[in-house]
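Trainee: This is the structure, below, for whatever I ask next.
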Amino acid sequence: MKHFTGLLVGALFCSFVGPLWASGLSTEQRQLHVLNRIAYGPSAVDIARINEVGVDRYIDEQLHPERIPLPQSLARQLDDLFAINKSTGDMIAEFREAEREAKQNPEQGKQERRQLVVQIAEQTATARLSRAIYSPRQLEEVMVDFWFNHFNVFEGKGLDRVLVSAYERDAIRPYVFGRFRDLLGATAKHPAMLFYLDNWLSTAPGFQSPIRINAKQKAGGLNENYARELMELHTLGVDGGYTQKDVTELARILTGWTFDPRDGMFRFVDRRHDQGVKDCLGSHVTSNGQAEGEYALDTLAKAPATARHISFQLAQYFVSDQPSQSLVDRLTRRFTESDGNIREVLDTLLHSPEFLDPVNYAKKFKTPYQYLVSTLRTSDVQVVNYRPLLGTLRQLGMPLYGAQTPDGYKNTEAAWLNPDALSRRINFATALAAGRLPLSSMPDPNGDGRPEQMNSRRTISAPRETQDVQKSFVALDANTLGKTMNGLLSSQTRAAIADADPRLRAALMLGSPDFMRH
């Protein structure tokens with residue numbers, strides 16, 4: 001198998017100049033291109049739907065996910081996951097209780113605390129992956145990925161280990177098609193962001209807080225972390241025209257924006273706020289409490305540089321690593337004219353000539369997350385145990401919620417295309433195609449390898465109708481897989497697969513250069 005993988009990696013890396021396609025896109029290629037860009041690749045269900053309604057109506061449906069019902073099986077699975085359904089306050093209370101138990105009974109308490117954190121992380125990831133794989137609201141899931149990455153927080157930092165789920169639920173998901181200003185405000189006030197970039201500690205000079213999470217995290221003094229990333233990453237962009245003085249002044253404006261670590265609720269604390277006059281981005285800001293921060297967010301959301309920055313990122317994500325200036329300009333105008341209405345900007349983008357231009361067909365290289373989700377959708381695999389998939393994402397260099405720096409993960413070919421990455425992807429494709437991944441039953445929480453039978457609030461339960469699935473998958477059928485993937489593969493790739501050992505054909509399809517692009 002190592003010999004097979006090595007040969008395949010060498011051939012693939014040499015062939016990654018992009019597949020050869022006809023000068024124009026056929027109807028099938030247009031449909032597949034849409035499914036690859038605004039969904040996580042084609043599934044049999046989505047192919048049938050876009051065949052039935054056509055490209056334009058499919059795009060319109062995806063722009064209005066509230067009109068698309070979730071499958072009952074998926075809805076019930078999500079209902080069973082306590083980590084995505086508990087309030088922020090309850091999650092913090094449970095974590096703090098585990099912290100107290102760990103201090104009182106170090107040996108057992110620390111183990112239980114670790115188990116709680118692991119269970120929360122697994123359930124949060126299970127919810128994200130199950131939606132991405134099985135939800136018919138595919139563009140919604142794509143936009144959750146886009147905006148979470150744009151407003152990234154790192155799951156591994158302290159209290160954020162129990163806040164990321166609520167952050168995605170409360171600050172990202174409700175706003176992915178709404179006004180950018182509303183999304184900006186929701187992320188700015190969420191405890192996950194306040195904690196991650198330390199604004200909850202930022203105060204006027206001389207203030208000392210009686211509340212802390214640990215000895216290293218006590219409020220007192222100005223912290224510029226969030227103000228800097230708010231300008232550089234979230235709004236204006238690195239070339240957005242701001243100065244270091246603007247960063248400092250914005251940080252002063254945002255002093256007092258914090259949260260109560262006992263319940264996770266946003267608080268503006270006036271006595272922590274710098275009451276002095278500030279000069280930020282050409283505006284003279286007099287003392288006005290929380291309204292100063294709201295004014296700053298209004299100003300940043302409406303700035304022409306923000307419109308350009310967001311428009312470029314959307315064009316890069318959906319169209320090309322190097323989108324044309326004319327497309328970015330059109331999106332910028334629509335962003336400004338619509339007061340930052342994300343749905344309208346997306347509508348302009350998805351109906352632009354550039355979006356369906358043959359020159360952009362199958363040219364984006366999938367991120368590890370996009371690649372993993374698309375393999376499962378195209379293979380029609382019914383997943384119960386998500387742990388092997390989380391391990392795969394770590395091996396591929398893109399652990400879910402694991403970007404440590406505020407700029408999140410890149411979505412360009414330069415970031416992900418290299419021989420080692422290809423080898424790891426092919427190993428995953430080979431294991432999935434051969435049925436070697438234990439995806440169909442939960443392992444025993446005690447580690448003895450037996451299927452999970454418990455259904456407590458702290459275990460990840462399978463969808464009810466899949467709990468009796470056999471313990472291991474059979475190998476993927478290449479003929480069945482080929483029916484879904486046929487239009488994704490170039491004639492050269494199909495010919496190479498036809499000449500291969502039948503036992504390797506499914507792996508070759510999923511590991512082909514064509515399938516690693518979208």
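Labels for the structure tokens follow display order: chains A, B, ..., residues from 1 in each chain, ligands from 1.
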Apply DSSP to the backbone of this structure and, from region 285-487 of chain A, keep only the residues in strand (DSSP E or B); write these as number ranges by chain.
Mentor: A: 285, 341, 365, 443, 451
Trainee: Determine, counting only C-alpha atoms, which protein, DNA and RNA residues have an atom within 6 Å of an atom of region 22-37 of chain A; residues of the same chain fewer than 4 positions away are not included. Present the result as a list in words.
Mentor: Gly41, Pro42, Phe318, Pro358 and His518 of chain A
Trainee: Mind the document's chain letters and residue numbers, and return as an MDAnalysis selection string the residues of region 4-241 of chain A that DSSP labels helix (DSSP H, G or I).
Mentor: chainID A and resid 4:15 27:37 44:53 55:63 65:67 72:79 82:84 88:104 106:134 138:150 158:161 164:175 180:189 191:196 199:201 225:234
Trainee: Given only C-alpha atoms as the basis, pick out the residue of A:Gly293, A:Gly256, A:Leu197, A:Pro261 nearest to Arg228 (chain A).
Mentor: A:Leu197
Trainee: For CA of Ala83 (chain A) and CA of Ile120 (chain A), quote the distance in Å rounded to one decimal.
Mentor: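 Value for the CA of Ala83 (chain A)-CA of Ile120 (chain A) distance: 5.4 Å.
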Trainee: What is the CA of Ala39 (chain A)-CA of Thr235 (chain A) distance in Å, reported with one decimal?
Mentor: 25.7 Å
Trainee: Figure out the distance between CA of Tyr369 (chain A) and CA of Phe312 (chain A), please, to one decimal in Å.
Mentor: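 Separating CA of Phe312 (chain A) from CA of Tyr369 (chain A) is a distance of 21.3 Å.
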Trainee: Neighbours of region 121-135 of chain A within 6 Å (only C-alpha atoms; same-chain residues fewer than 4 positions away dropped), as a list of chain:residue names?
Mentor: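 In the requested form, the answer reads A:Ala83, A:Glu141, A:Ser165, A:Val373, A:Arg377.
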Trainee: I'd like a table as JSON lines: residues in region 310-377 of chain A with an atom no more than 9 Å from region 422-446 of chain A, each row giving the shortest atom pair and its distance in Å to one decimal, only C-alpha atoms counted, sorted by chain and rising residue number.
Mentor:
{"residue": "A:Pro368", "atom": "CA", "partner": "A:Arg425", "partner_atom": "CA", "distance": 8.0}
{"residue": "A:Tyr371", "atom": "CA", "partner": "A:Arg425", "partner_atom": "CA", "distance": 8.3}
{"residue": "A:Leu372", "atom": "CA", "partner": "A:Arg425", "partner_atom": "CA", "distance": 8.5}
{"residue": "A:Thr375", "atom": "CA", "partner": "A:Ala429", "partner_atom": "CA", "distance": 7.8}
{"residue": "A:Leu376", "atom": "CA", "partner": "A:Leu432", "partner_atom": "CA", "distance": 8.8}
Trainee: Let me see the file: selected residues, C-alpha atoms, as a PDB file, in the first residue's frame.
Mentor:
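Saved the output as again20.pdb:
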ATOM      1  CA  PRO A 368      -8.718  19.607   4.174  1.00  0.00           C
ATOM      2  CA  TYR A 371     -12.004  17.586   0.972  1.00  0.00           C
ATOM      3  CA  LEU A 372     -13.085  15.420   3.903  1.00  0.00           C
ATOM      4  CA  THR A 375     -15.645  12.599   0.152  1.00  0.00           C
ATOM      5  CA  LEU A 376     -18.351  11.599   2.620  1.00  0.00           C
TER       6      LEU A 376
END
Trainee: For a quick check of understanding, using only C-alpha atoms, which of A:Leu510, A:Val319, A:Val153, A:Val118 has the smallest distance to Leu390 (chain A)?
Mentor: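 Selected residue with least distance to Leu390 (chain A): A:Val118.
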